[in-house]
Structures are given as C-alpha cells and as structure tokens.
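K.L.:
Sending over coords11.cif (mmCIF, C-alpha atoms).
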data_query
loop_
_atom_site.label_atom_id
_atom_site.label_comp_id
_atom_site.auth_asym_id
_atom_site.auth_seq_id
_atom_site.Cartn_x
_atom_site.Cartn_y
_atom_site.Cartn_z
CA MET A 167 127.49 117.80 102.27
CA SER A 168 126.62 118.20 105.95
CA TYR A 169 125.78 115.34 108.31
CA TRP A 170 122.16 116.59 108.50
CA ALA A 171 121.84 116.64 104.70
CA LEU A 172 123.11 113.04 104.55
CA ASN A 173 120.68 112.03 107.31
CA ALA A 174 117.79 113.69 105.46
CA ILE A 175 118.32 111.37 102.47
CA PHE A 176 118.39 108.20 104.56
CA LEU A 177 115.51 109.30 106.80
CA ALA A 178 113.51 109.90 103.61
CA VAL A 179 114.07 106.25 102.68
CA VAL A 180 112.86 105.26 106.16
CA ALA A 181 109.77 107.45 105.74
CA ALA A 182 109.06 105.87 102.36
CA VAL A 183 109.15 102.35 103.83
CA ALA A 184 106.92 103.40 106.75
CA LEU A 185 104.50 104.99 104.29
CA ALA A 186 104.47 101.81 102.20
CA ALA A 187 103.57 99.85 105.34
CA ILE A 188 100.78 102.30 106.17
CA VAL A 189 99.17 102.38 102.71
CA THR A 190 99.25 98.58 102.47
CA ARG A 191 97.60 98.46 105.91
CA ARG A 192 100.53 96.57 107.37
CA ALA A 193 101.86 99.29 109.63
CA PRO A 194 103.61 98.30 112.87
CA ARG A 195 101.96 99.26 116.16
CA TRP A 196 103.09 102.83 116.63
CA ALA A 197 102.63 102.72 120.39
CA SER A 198 105.26 99.96 120.57
CA VAL A 199 107.48 101.87 118.13
CA ALA A 200 107.25 104.98 120.33
CA VAL A 201 108.30 103.12 123.49
CA ALA A 202 111.15 101.38 121.65
CA LEU A 203 112.23 104.78 120.30
CA ALA A 204 112.45 106.26 123.80
CA VAL A 205 114.59 103.34 125.00
CA VAL A 206 116.92 103.28 121.97
CA LEU A 207 117.39 107.08 122.09
CA LEU A 208 118.33 106.85 125.77
CA MET A 209 120.77 104.00 125.10
CA THR A 210 122.26 105.94 122.17
CA ALA A 211 122.82 108.94 124.45
CA VAL A 212 124.72 106.74 126.91
CA PHE A 213 126.71 104.51 124.58
CA ASP A 214 127.45 107.05 121.85
CA ASN A 215 129.03 109.29 124.49
CA ILE A 216 131.15 106.37 125.70
CA MET A 217 132.17 105.39 122.16
CA ILE A 218 133.19 108.94 121.26
CA GLY A 219 134.78 109.43 124.67
CA VAL A 220 137.14 106.47 124.25
CA GLY A 221 137.94 107.52 120.69
CA LEU A 222 136.18 104.91 118.55
CA VAL A 223 134.94 107.53 116.10
CA GLY A 224 135.75 111.11 115.09
CA TYR A 225 133.82 113.85 113.25
CA ASP A 226 134.70 116.70 110.90
CA GLU A 227 133.57 119.68 112.95
CA ALA A 228 132.86 121.67 109.79
CA LYS A 229 130.22 119.15 108.71
CA ILE A 230 128.25 118.71 111.91
CA SER A 231 125.72 121.20 113.27
CA GLY A 232 127.45 121.72 116.59
CA ALA A 233 124.39 120.56 118.54
CA PHE A 234 125.47 117.90 121.03
CA VAL A 235 124.03 115.58 123.65
CA GLY A 236 127.04 115.47 125.94
CA ILE A 237 129.82 114.96 123.39
CA ALA A 238 127.62 113.07 120.91
CA PRO A 239 126.53 115.02 117.81
CA LEU A 240 122.74 115.31 117.69
CA GLU A 241 122.94 113.93 114.12
CA ASP A 242 123.99 110.51 115.45
CA PHE A 243 120.52 110.05 116.94
CA ALA A 244 119.12 109.78 113.41
CA TYR A 245 120.42 106.19 113.37
CA ALA A 246 118.26 105.36 116.39
CA VAL A 247 115.19 107.04 114.89
CA ALA A 248 115.76 105.21 111.60
CA ALA A 249 116.21 101.80 113.25
CA VAL A 250 113.09 102.03 115.36
CA ILE A 251 110.86 103.09 112.43
CA LEU A 252 112.47 101.19 109.53
CA LEU A 253 112.86 97.74 111.09
CA PRO A 254 109.35 97.26 112.59
CA SER A 255 107.90 98.68 109.33
CA LEU A 256 109.88 96.12 107.31
CA TRP A 257 108.88 93.39 109.74
CA ALA A 258 105.19 94.24 109.36
CA LEU A 259 105.47 94.68 105.58
CA ILE A 260 107.28 91.42 104.89
CA GLY A 261 105.09 89.16 106.94
CA GLY A 262 105.56 89.75 110.61
CA ALA A 263 102.05 91.17 110.35
CA ARG A 264 100.69 87.70 109.64
CA ASP A 265 102.43 86.59 112.79
CA ARG A 266 100.07 88.18 115.33
CA ARG A 267 99.28 85.40 117.69
CA SER A 268 99.02 84.55 121.32
CA PRO A 269 102.14 84.38 123.52
CA HIS A 270 101.51 80.65 123.94
CA ALA A 271 101.62 80.10 120.19
CA ALA A 272 104.68 82.32 119.94
CA ARG A 273 106.60 79.94 122.16
CA THR A 274 105.60 76.78 120.37
CA ASN A 275 105.70 77.71 116.70
CA HIS A 276 108.34 78.95 114.33
CA ALA A 277 108.37 80.88 111.10
CA GLN A 278 107.27 78.11 108.79
CA THR A 279 104.13 77.51 110.81
CA SER A 280 103.03 81.08 111.34
CA GLU A 281 99.91 80.54 109.22
CA ASN A 282 98.91 77.54 111.30
CA ALA A 283 99.71 79.37 114.49
CA ALA A 284 97.35 82.15 113.55
CA GLN A 285 94.56 79.62 113.06
CA ASN A 286 95.38 77.66 116.18
CA SER A 287 95.00 80.74 118.31
CA ASN A 288 91.58 81.51 116.83
CA ASN A 289 92.57 84.88 115.48
CA ALA A 290 92.61 84.05 111.80
CA GLN A 291 90.28 86.94 111.10
CA THR A 292 92.97 89.39 112.10
CA SER A 293 95.64 87.84 109.95
CA GLN A 294 94.78 89.74 106.79
CA ASP A 295 94.16 93.08 108.46
CA PRO A 296 96.56 93.50 111.34
CA ALA A 297 96.91 97.26 111.06
CA GLN A 298 93.29 97.80 111.93
CA THR A 299 93.10 95.54 114.94
CA SER A 300 94.79 96.37 118.17
CA THR A 301 94.68 92.98 119.86
CA PRO A 302 95.48 89.43 118.75
CA LYS A 303 91.87 88.39 119.24
CA GLY A 304 90.50 91.24 117.17
CA THR A 305 88.34 92.41 120.02
CA GLY A 306 87.53 96.00 120.88
CA ASP A 307 85.45 97.81 118.33
CA ALA A 308 85.21 94.88 115.94
CA MET B 81 145.38 94.54 118.07
CA GLY B 82 142.67 95.44 120.52
CA LEU B 83 139.84 92.99 120.91
CA LEU B 84 138.02 94.81 123.70
CA TYR B 85 135.33 96.53 121.61
CA LEU B 86 134.70 93.44 119.45
CA VAL B 87 134.40 91.22 122.53
CA ALA B 88 132.04 93.71 124.20
CA LEU B 89 129.85 93.73 121.10
CA GLY B 90 129.94 89.93 120.99
CA ILE B 91 128.82 89.66 124.60
CA ALA B 92 125.97 92.14 124.03
CA LEU B 93 124.88 90.28 120.89
CA THR B 94 124.95 86.96 122.73
CA GLY B 95 122.65 88.52 125.32
CA MET B 96 120.28 89.61 122.56
CA VAL B 97 120.15 86.09 121.10
CA MET B 98 119.52 84.58 124.55
CA LEU B 99 116.66 87.00 125.24
CA ASP B 100 115.23 86.32 121.77
CA ARG B 101 115.37 82.57 122.36
CA ARG B 102 113.94 82.74 125.87
CA PHE B 103 110.98 84.98 125.04
CA GLY B 104 110.44 84.40 121.30
CA LEU B 105 111.02 88.01 120.28
CA PHE B 106 112.60 88.11 116.82
CA PHE B 107 114.22 85.07 115.14
CA TRP B 108 112.31 82.78 117.52
CA ARG B 109 109.09 84.52 116.48
CA SER B 110 109.53 84.37 112.73
CA ALA B 111 112.98 83.26 111.60
CA ARG B 112 112.65 84.05 107.91
CA THR B 113 111.18 87.50 108.45
CA ALA B 114 113.82 88.26 111.08
CA ALA B 115 116.63 87.23 108.73
CA VAL B 116 115.37 89.54 105.98
CA VAL B 117 114.80 92.46 108.39
CA LEU B 118 118.21 92.08 110.05
CA VAL B 119 120.19 91.78 106.81
CA ALA B 120 118.29 94.67 105.19
CA GLY B 121 118.74 96.83 108.30
CA VAL B 122 122.49 96.21 108.63
CA ALA B 123 123.00 96.76 104.88
CA PHE B 124 121.02 100.03 105.04
CA PHE B 125 123.11 101.38 107.93
CA LEU B 126 126.38 100.23 106.30
CA VAL B 127 125.52 102.22 103.16
CA TRP B 128 124.68 105.21 105.39
CA ASP B 129 128.07 104.78 107.09
CA LEU B 130 129.91 104.50 103.76
CA PHE B 131 128.38 107.76 102.53
CA GLY B 132 129.25 109.48 105.81
CA ILE B 133 132.83 108.22 105.52
CA GLY B 134 133.03 109.03 101.80
CA LEU B 135 131.82 112.57 102.44
CA GLY B 136 134.36 112.96 105.22
CA ILE B 137 131.70 113.54 107.91
CA PHE B 138 133.01 110.90 110.32
CA PHE B 139 135.95 108.54 110.43
CA ARG B 140 137.45 105.73 112.46
CA GLY B 141 139.09 106.88 115.66
CA GLU B 142 142.67 106.02 116.54
CA THR B 143 142.25 103.73 119.49
CA ASP B 144 143.71 100.61 121.06
CA PHE B 145 140.24 99.18 121.66
CA MET B 146 139.70 98.07 118.06
CA THR B 147 141.33 95.32 116.01
CA GLY B 148 142.28 97.67 113.17
CA LEU B 149 140.63 95.32 110.66
CA GLN B 150 138.60 97.27 108.13
CA ILE B 151 135.99 96.08 105.64
CA ALA B 152 136.36 99.35 103.71
CA PRO B 153 138.54 102.42 104.22
CA GLU B 154 137.69 103.93 107.64
CA LEU B 155 134.98 101.26 108.20
CA PRO B 156 136.13 98.94 111.00
CA ILE B 157 134.91 95.33 111.21
CA GLU B 158 133.46 96.27 114.60
CA GLU B 159 130.92 98.55 112.93
CA VAL B 160 129.16 95.55 111.32
CA PHE B 161 128.67 94.04 114.77
CA PHE B 162 127.61 97.37 116.24
CA LEU B 163 124.94 97.82 113.54
CA THR B 164 123.80 94.22 114.01
CA LEU B 165 123.45 94.93 117.73
CA LEU B 166 121.49 98.13 117.06
CA CYS B 167 119.09 96.27 114.76
CA TYR B 168 118.75 93.22 117.04
CA LEU B 169 118.17 95.40 120.11
CA THR B 170 115.52 97.39 118.27
CA MET B 171 113.61 94.31 117.12
CA ASN B 172 113.93 92.52 120.48
CA LEU B 173 112.47 95.61 122.13
CA TYR B 174 109.68 95.87 119.59
CA GLY B 175 108.97 92.13 119.89
CA ALA B 176 108.90 92.34 123.70
CA LEU B 177 106.48 95.28 123.62
CA GLU B 178 104.23 93.40 121.19
CA LEU B 179 104.34 90.31 123.39
CA LEU B 180 103.44 92.31 126.51
CA ARG B 181 100.56 93.93 124.67
CA ALA B 182 99.28 90.57 123.43
CA ARG B 183 99.43 89.11 126.94
CA ARG B 184 97.54 92.06 128.37
CA ALA B 185 94.90 91.70 125.66
CA GLU B 186 94.59 87.98 126.34
CA ARG B 187 93.99 88.53 130.02
CA ALA B 188 91.41 91.25 129.39
#
Written as structure tokens, that's how I'd like the structure from this file.
P.N.:
Amino acid sequence: MSYWALNAIFLAVVAAVALAAIVTRRAPRWASVAVALAVVLLMTAVFDNIMIGVGLVGYDEAKISGAFVGIAPLEDFAYAVAAVILLPSLWALIGGARDRRSPHAARTNHAQTSENAAQNSNNAQTSQDPAQTSTPKGTGDA
Amino acid sequence: MGLLYLVALGIALTGMVMLDRRFGLFFWRSARTAAVVLVAGVAFFLVWDLFGIGLGIFFRGETDFMTGLQIAPELPIEEVFFLTLLCYLTMNLYGALELLRARRAERA
C-alpha cells in the first residue's frame, strides 16, 4: 500500500468526524481552522525538513509519490491537515462548543464551571447552538 | 543514548503549556474536553504511524539524536512527544484564534 492510500483511510476518518460535527450543528469555526491550517502547514514544512535532514525518519521510496516540499514527502502534510480538522471538530463535538464565552470568563473559570460561565457572560442563548452564531454574544443577524 | 530530540520536544511542550496557562487556550479553557481531545488525537496519530511502519512506508532513522527507546518496533518514544506537541500546538492555535475573535466581537 502506498503512503497516499494509507493517508486516504485516515483522512476519511477525519472527514467523518468533521461531518458528524457539522450535522450535529457543533462544527468548529472554519475561519479559525483555516488560519491554524496555514500556520501548521508552514511549521510542518520547516520542521519536517529538519527532522528528515538530521535523519530522524526514513521513507521507502517505492511507496511515496515522489512529490516533495524540500526533502519532505508531500504525504507528510496529511498529518497537519488531519490535526487541524480533527482536533477542533472533536473539541466542538465533545463540549468545547458549550464553552463559548467571553475572554474574561475564560480566564476565571475552568472546565467544571463552563455551564455557569456561559450564563455569567450573558450568552446562554448561544450555548445550545454555537455553530450558527459567529460571536459569543450571539449578535449579528440574530 | 541521545537525548537532544527528546529534550527539544520537552522544551517545546513546556512552552505550549505555559502559553495555554497564560492565555487560557486549551486545558485552561476546558480541562476535561482538552484531555479527551489530546488523548484521542495522539492515539489516532499513533495508529496512523503504526500502519505506516507496518506497511514499510516509513521507519525510524539511524541517528545519535534519539534515545533509541522504542514503544513498538520502529516507533521511538520521541514520536509520542512529537505527536503530543503537534496536537497541543494545533489546539493552542485554534484556542488563540477563537479568543482573538471573541475579543474583537466583544469590543464591537
């Protein structure tokens, strides 16, 4: 099996989790995901080249596509794509979505009080429907 | 035994924890959710690694920078810390972007 074929399987799992987050209306903010993706891809390009350059990891040339960014196989970037989509989707799915609150509340409350924090910051109406509101106060088109 | 890579990963991870604590990005935003997301993420990438190793796609390099300790054939102990760093970095970034967005919205 090629590196791309392996990646396809794991990226499909990532897509399934993201889809689950979308259909349950608990999707992460995609604008934030996109910016994080750009940063993590850039860091992967830098550090993967260093890691391969100093010999931390090797590849079977018969199983990679031969497309490289520097000396890093393009396939390696699938890890970055997966991380940036999978983890925020999980976060939003599991309950990070109920955690949308003001920066002030974020500094003074911890996990066990996230429900209270949402009420304290007067944005309780957004707590059940975070995917459809773009700000903590539920302003905008609401 | 080379400790260089492990120490570098440890320093980077310490930085991630300090940023998290200072700005409330991940564990300091919702500790239980963060724990589940981090463990699930690292486990997911470890399974991905194990299949890649099992299929002979990639393998551990011969280098003096690593301890040589392996948690499975061709899977160095350092990889667990690398994957933890990848996941922590991703969620710190996401948390920071969310925080910035919330602050902008609050000021508006």
K.L.:
Within 8 Å of segment 216-233 of chain A, counting only C-alpha atoms, which residues qualify if same-chain residues fewer than 5 places away don't, as a CSV table (one decimal) with C-alpha atoms, in the coordinates of the input?
P.N.:
chain,number,residue,atom,x,y,z
A,167,MET,CA,127.5,117.8,102.3
A,168,SER,CA,126.6,118.2,106.0
A,169,TYR,CA,125.8,115.3,108.3
A,170,TRP,CA,122.2,116.6,108.5
A,238,ALA,CA,127.6,113.1,120.9
A,239,PRO,CA,126.5,115.0,117.8
A,240,LEU,CA,122.7,115.3,117.7
A,241,GLU,CA,122.9,113.9,114.1
B,136,GLY,CA,134.4,113.0,105.2
B,137,ILE,CA,131.7,113.5,107.9
B,138,PHE,CA,133.0,110.9,110.3
B,139,PHE,CA,136.0,108.5,110.4
B,140,ARG,CA,137.4,105.7,112.5
B,141,GLY,CA,139.1,106.9,115.7
B,142,GLU,CA,142.7,106.0,116.5
B,143,THR,CA,142.2,103.7,119.5
B,145,PHE,CA,140.2,99.2,121.7
B,146,MET,CA,139.7,98.1,118.1
K.L.:
Using the chain letters and numbering of this document, enumerate as a ChimeraX atom specification the residues selected by the PyMOL selection byres ((chain B and resi 158-174) around 8).
P.N.:
/A:198-199,202,206,246,249-250,253-254 /B:85-86,89-90,92-93,96,99-100,105-106,118,121-122,125-126,146,155-157,175-178
K.L.:
Let's have the selection written as an mmCIF file, in the frame of the given file, with C-alpha atoms.
P.N.:
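Output below, filename result.cif:
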data_model
loop_
_atom_site.group_PDB
_atom_site.id
_atom_site.type_symbol
_atom_site.label_atom_id
_atom_site.label_comp_id
_atom_site.auth_asym_id
_atom_site.auth_seq_id
_atom_site.Cartn_x
_atom_site.Cartn_y
_atom_site.Cartn_z
ATOM 1 C CA SER A 198 105.260 99.960 120.570
ATOM 2 C CA VAL A 199 107.480 101.870 118.130
ATOM 3 C CA ALA A 202 111.150 101.380 121.650
ATOM 4 C CA VAL A 206 116.920 103.280 121.970
ATOM 5 C CA ALA A 246 118.260 105.360 116.390
ATOM 6 C CA ALA A 249 116.210 101.800 113.250
ATOM 7 C CA VAL A 250 113.090 102.030 115.360
ATOM 8 C CA LEU A 253 112.860 97.740 111.090
ATOM 9 C CA PRO A 254 109.350 97.260 112.590
ATOM 10 C CA TYR B 85 135.330 96.530 121.610
ATOM 11 C CA LEU B 86 134.700 93.440 119.450
ATOM 12 C CA LEU B 89 129.850 93.730 121.100
ATOM 13 C CA GLY B 90 129.940 89.930 120.990
ATOM 14 C CA ALA B 92 125.970 92.140 124.030
ATOM 15 C CA LEU B 93 124.880 90.280 120.890
ATOM 16 C CA MET B 96 120.280 89.610 122.560
ATOM 17 C CA LEU B 99 116.660 87.000 125.240
ATOM 18 C CA ASP B 100 115.230 86.320 121.770
ATOM 19 C CA LEU B 105 111.020 88.010 120.280
ATOM 20 C CA PHE B 106 112.600 88.110 116.820
ATOM 21 C CA LEU B 118 118.210 92.080 110.050
ATOM 22 C CA GLY B 121 118.740 96.830 108.300
ATOM 23 C CA VAL B 122 122.490 96.210 108.630
ATOM 24 C CA PHE B 125 123.110 101.380 107.930
ATOM 25 C CA LEU B 126 126.380 100.230 106.300
ATOM 26 C CA MET B 146 139.700 98.070 118.060
ATOM 27 C CA LEU B 155 134.980 101.260 108.200
ATOM 28 C CA PRO B 156 136.130 98.940 111.000
ATOM 29 C CA ILE B 157 134.910 95.330 111.210
ATOM 30 C CA GLY B 175 108.970 92.130 119.890
ATOM 31 C CA ALA B 176 108.900 92.340 123.700
ATOM 32 C CA LEU B 177 106.480 95.280 123.620
ATOM 33 C CA GLU B 178 104.230 93.400 121.190
#
K.L.:
Give, as lines of an AutoDock Vina configuration file, the centre coordinates and the x, y and z edge lengths in Å to one decimal for an axis-aligned box around all listed atoms of segment 166-176 of chain B, padded by 3 Å on each side.
P.N.:
center_x = 115.2
center_y = 95.1
center_z = 119.2
size_x = 18.6
size_y = 12.0
size_z = 14.9
K.L.:
What is the atom CA of Leu172 of chain A to atom CA of Val127 of chain B distance in Å?
P.N.:
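Computed distance, atom CA of Leu172 of chain A to atom CA of Val127 of chain B, equals 11.2 Å.
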K.L.:
Smallest atom-to-atom distance to chain A: which of B:Gln150, B:Thr113, B:Ile133, B:Ala188, using all atoms listed in the file?
P.N.:
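That would be B:Thr113, the residue with the smallest distance to chain A.
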K.L.:
For atom CA of Val180 of chain A and atom CA of Leu203 of chain A, determine how far apart the two atoms are, in Å to one decimal place.
P.N.:
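Computing the Euclidean distance for atom CA of Val180 of chain A and atom CA of Leu203 of chain A yields 14.2 Å.
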K.L.:
Could you please determine the separation between atom CA of Ala244 of chain A and atom CA of Leu177 of chain A in Å, to one decimal place?
P.N.:
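If I compute the distance from atom CA of Ala244 of chain A to atom CA of Leu177 of chain A, I get 7.5 Å.
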K.L.:
Evaluate the PyMOL selection byres ((chain B and resi 114) around 10) and record the selected residues as a ChimeraX atom specification, following the chain and residue labels used in the document.
P.N.:
/A:253,256-257,260-262,277 /B:105-113,115-120,168,171
K.L.:
On this file, the PyMOL selection byres ((chain A and resi 194) around 9) gives some set of residues; write that set as a list in words.
P.N.:
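For this structure, the PyMOL selection byres ((chain A and resi 194) around 9) captures Ala184, Ala187, Ile188, Arg192, Ala193, Arg195, Trp196, Ala197, Ser198, Val199, Ile251, Pro254, Ser255, Leu256, Trp257, Ala258, Leu259, Ala263, Pro296 and Ala297 of chain A.
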K.L.:
Using all atoms listed in the file, which of the listed residues (B:Ala123, B:Phe103, B:Gly134, B:Thr147) sits closest to chain A?
P.N.:
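Of B:Ala123, B:Phe103, B:Gly134, B:Thr147, the one nearest chain A is B:Phe103, counting all atoms listed in the file.
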